[in-house]
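Structure, as structure tokens:
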Amino acid sequence: MSMVVLGMAVNSPLTMFFDATSALIVVVGLPGLLLLTYGSQSFSKYGLGGLMRMLRPDPSSPWRPDEHLKAARIANAASILAFLMGTVGTLIGVVQMLQNLEDPTKIGPALSVALLTNLYGLLIFTLLCHPTAQYHQATAVAAGASISAARDANPPLRHVMVLAALIGISVGGTFMTMLLAMSSFI
């Protein structure tokens, strides 16, 4: 994480990497989709609660293995949705940019939406969702869940990679762009 922040801050202030529209798309869109998918009770207990248990484990009230697997399932879904919300934001930014080609002053803000939503989605995936899912899968196995049950909580990565490739191709991504995007999954 420190290398990411350092890389961002080397030649520019960190405020350059904040865009309200991009943050709105990803940071509000992701919880909204999770609420619609899992409902408020499951989202609160296993989504937000699972994240809090990873950050601050509470040995006084341990979860059962099936509860850890539910938290892992929601965290895995959040991982995929964070990536997809970043991609949706990229598409929105590209459309905004293409609609304003005659006015060069509007291209920069649209391009920042296109790029920063993808960055935000990848940061949420990498720093929050994926580690939460891995923590709960490992904790469930340590608490007695079968390895196959833990594996079932994690959708095959190839599905996410195929979806990412299809979205990339639909927006005119080059081979090199697709190769770089796929390498982030390995």
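Ordered as shown in the structure tokens, chains take letters A, B, and onward, while each chain numbers its residues from 1 and ligands are numbered from 1 in the order shown.
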Near-Ile92 of chain A list (12 Å; only C-alpha atoms; drop same-chain fewer than 2 positions) as a list in words:
Thr21, Ser22, Ile25, Val26, Met85, Gly86, Thr87, Val88, Gly89, Thr90, Val94, Val95, Gln96, Met97, Leu98, Gln99, Pro109, Ala110, Leu111, Ser112, Val113, Ala114, Leu115, Leu116, Thr117, Asn118 and Val171 of chain A
Write out as a ChimeraX atom specification each polymer residue whose atoms come within 10 Å of segment 127-141 of chain A, counting only C-alpha atoms; drop sequence neighbours fewer than 4 positions from it.
/A:1,47,50-55,63-82,122-123,145-154
Go ahead and save the residues from that selection, with N, CA, C and O atoms, as a compact mmCIF listing (two decimals), in the first residue's frame.
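Generated output (again-v9.txt):
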# COMPACT_ATOMS: atom_id res chain seq x y z
N MET A 1 0.83 -1.19 0.00
CA MET A 1 0.00 0.00 0.00
C MET A 1 0.87 1.25 0.00
O MET A 1 0.57 2.21 -0.69
N GLY A 47 -21.18 -8.54 5.46
CA GLY A 47 -20.39 -7.66 4.60
C GLY A 47 -19.54 -6.70 5.43
O GLY A 47 -18.33 -6.83 5.54
N GLY A 50 -18.07 -8.56 8.44
CA GLY A 50 -16.92 -9.39 8.05
C GLY A 50 -15.66 -8.56 7.87
O GLY A 50 -14.57 -8.98 8.26
N LEU A 51 -15.82 -7.37 7.29
CA LEU A 51 -14.67 -6.47 7.14
C LEU A 51 -14.14 -6.05 8.51
O LEU A 51 -12.93 -6.07 8.75
N MET A 52 -15.04 -5.70 9.42
CA MET A 52 -14.62 -5.28 10.76
C MET A 52 -13.96 -6.43 11.52
O MET A 52 -13.00 -6.22 12.25
N ARG A 53 -14.47 -7.65 11.35
CA ARG A 53 -13.85 -8.80 12.03
C ARG A 53 -12.46 -9.09 11.48
O ARG A 53 -11.61 -9.59 12.20
N MET A 54 -12.25 -8.81 10.20
CA MET A 54 -10.90 -9.00 9.66
C MET A 54 -9.95 -7.94 10.24
O MET A 54 -8.83 -8.24 10.62
N LEU A 55 -10.43 -6.70 10.31
CA LEU A 55 -9.59 -5.61 10.80
C LEU A 55 -9.34 -5.70 12.30
O LEU A 55 -8.25 -5.41 12.77
N TRP A 63 -17.36 -16.43 15.33
CA TRP A 63 -18.35 -16.86 14.34
C TRP A 63 -18.20 -18.35 14.08
O TRP A 63 -17.11 -18.91 14.21
N ARG A 64 -19.29 -18.98 13.69
CA ARG A 64 -19.25 -20.37 13.26
C ARG A 64 -18.63 -20.43 11.86
O ARG A 64 -18.58 -19.43 11.15
N PRO A 65 -18.16 -21.59 11.43
CA PRO A 65 -17.56 -21.71 10.09
C PRO A 65 -18.50 -21.26 8.97
O PRO A 65 -18.07 -20.60 8.02
N ASP A 66 -19.80 -21.59 9.08
CA ASP A 66 -20.73 -21.19 8.02
C ASP A 66 -20.89 -19.67 7.95
O ASP A 66 -21.10 -19.11 6.87
N GLU A 67 -20.76 -18.99 9.08
CA GLU A 67 -20.83 -17.53 9.06
C GLU A 67 -19.60 -16.93 8.38
O GLU A 67 -19.70 -15.95 7.64
N HIS A 68 -18.44 -17.52 8.64
CA HIS A 68 -17.22 -17.07 7.94
C HIS A 68 -17.34 -17.29 6.44
O HIS A 68 -16.91 -16.45 5.65
N LEU A 69 -17.96 -18.40 6.04
CA LEU A 69 -18.13 -18.67 4.61
C LEU A 69 -19.10 -17.68 3.97
O LEU A 69 -18.91 -17.27 2.83
N LYS A 70 -20.15 -17.28 4.72
CA LYS A 70 -21.06 -16.26 4.19
C LYS A 70 -20.33 -14.93 4.01
O LYS A 70 -20.50 -14.24 3.01
N ALA A 71 -19.50 -14.58 4.99
CA ALA A 71 -18.72 -13.34 4.88
C ALA A 71 -17.75 -13.42 3.71
O ALA A 71 -17.56 -12.44 2.98
N ALA A 72 -17.14 -14.58 3.50
CA ALA A 72 -16.22 -14.76 2.37
C ALA A 72 -16.97 -14.65 1.05
O ALA A 72 -16.47 -14.03 0.10
N ARG A 73 -18.18 -15.22 0.98
CA ARG A 73 -18.97 -15.13 -0.25
C ARG A 73 -19.32 -13.68 -0.58
O ARG A 73 -19.21 -13.25 -1.73
N ILE A 74 -19.73 -12.92 0.41
CA ILE A 74 -20.07 -11.51 0.18
C ILE A 74 -18.82 -10.71 -0.18
O ILE A 74 -18.85 -9.86 -1.07
N ALA A 75 -17.70 -10.99 0.48
CA ALA A 75 -16.46 -10.28 0.15
C ALA A 75 -15.99 -10.61 -1.26
O ALA A 75 -15.49 -9.73 -1.98
N ASN A 76 -16.14 -11.86 -1.68
CA ASN A 76 -15.79 -12.23 -3.06
C ASN A 76 -16.70 -11.53 -4.06
O ASN A 76 -16.24 -11.06 -5.09
N ALA A 77 -17.98 -11.46 -3.75
CA ALA A 77 -18.90 -10.74 -4.63
C ALA A 77 -18.54 -9.26 -4.68
O ALA A 77 -18.56 -8.64 -5.75
N ALA A 78 -18.18 -8.69 -3.53
CA ALA A 78 -17.77 -7.29 -3.49
C ALA A 78 -16.50 -7.07 -4.31
O ALA A 78 -16.35 -6.03 -4.97
N SER A 79 -15.59 -8.04 -4.30
CA SER A 79 -14.38 -7.94 -5.12
C SER A 79 -14.72 -7.81 -6.59
O SER A 79 -14.21 -6.93 -7.29
N ILE A 80 -15.60 -8.69 -7.05
CA ILE A 80 -15.99 -8.66 -8.46
C ILE A 80 -16.75 -7.39 -8.77
O ILE A 80 -16.49 -6.73 -9.79
N LEU A 81 -17.67 -7.00 -7.90
CA LEU A 81 -18.46 -5.80 -8.15
C LEU A 81 -17.60 -4.54 -8.09
O LEU A 81 -17.86 -3.59 -8.84
N ALA A 82 -16.59 -4.49 -7.23
CA ALA A 82 -15.70 -3.32 -7.18
C ALA A 82 -14.98 -3.16 -8.50
O ALA A 82 -14.90 -2.06 -9.06
N LEU A 122 -10.06 -1.01 -8.39
CA LEU A 122 -8.93 -1.92 -8.14
C LEU A 122 -8.38 -1.78 -6.72
O LEU A 122 -8.00 -2.78 -6.10
N LEU A 123 -8.36 -0.55 -6.19
CA LEU A 123 -7.88 -0.37 -4.82
C LEU A 123 -8.82 -1.03 -3.81
O LEU A 123 -8.37 -1.68 -2.86
N ALA A 145 -14.54 -25.92 8.81
CA ALA A 145 -15.23 -26.05 7.51
C ALA A 145 -14.36 -26.86 6.56
O ALA A 145 -13.14 -26.86 6.66
N SER A 146 -15.00 -27.53 5.65
CA SER A 146 -14.24 -28.31 4.68
C SER A 146 -13.58 -27.37 3.66
O SER A 146 -14.07 -26.28 3.40
N ILE A 147 -12.49 -27.84 3.11
CA ILE A 147 -11.77 -27.03 2.12
C ILE A 147 -12.63 -26.83 0.88
O ILE A 147 -12.63 -25.76 0.27
N SER A 148 -13.42 -27.84 0.51
CA SER A 148 -14.28 -27.68 -0.67
C SER A 148 -15.37 -26.64 -0.43
O SER A 148 -15.74 -25.91 -1.34
N ALA A 149 -15.87 -26.54 0.80
CA ALA A 149 -16.87 -25.51 1.11
C ALA A 149 -16.24 -24.13 1.02
O ALA A 149 -16.86 -23.18 0.53
N ALA A 150 -15.00 -24.01 1.49
CA ALA A 150 -14.30 -22.72 1.40
C ALA A 150 -14.02 -22.37 -0.06
O ALA A 150 -14.12 -21.21 -0.46
N ARG A 151 -13.69 -23.37 -0.86
CA ARG A 151 -13.42 -23.13 -2.27
C ARG A 151 -14.70 -22.68 -2.99
O ARG A 151 -14.66 -21.86 -3.89
N ASP A 152 -15.84 -23.22 -2.58
CA ASP A 152 -17.12 -22.84 -3.19
C ASP A 152 -17.49 -21.39 -2.89
O ASP A 152 -18.28 -20.80 -3.62
N ALA A 153 -16.94 -20.83 -1.82
CA ALA A 153 -17.23 -19.43 -1.48
C ALA A 153 -16.49 -18.48 -2.42
O ALA A 153 -16.77 -17.30 -2.44
N ASN A 154 -15.54 -19.01 -3.17
CA ASN A 154 -14.73 -18.19 -4.07
C ASN A 154 -15.04 -18.58 -5.51
O ASN A 154 -14.71 -19.67 -5.94
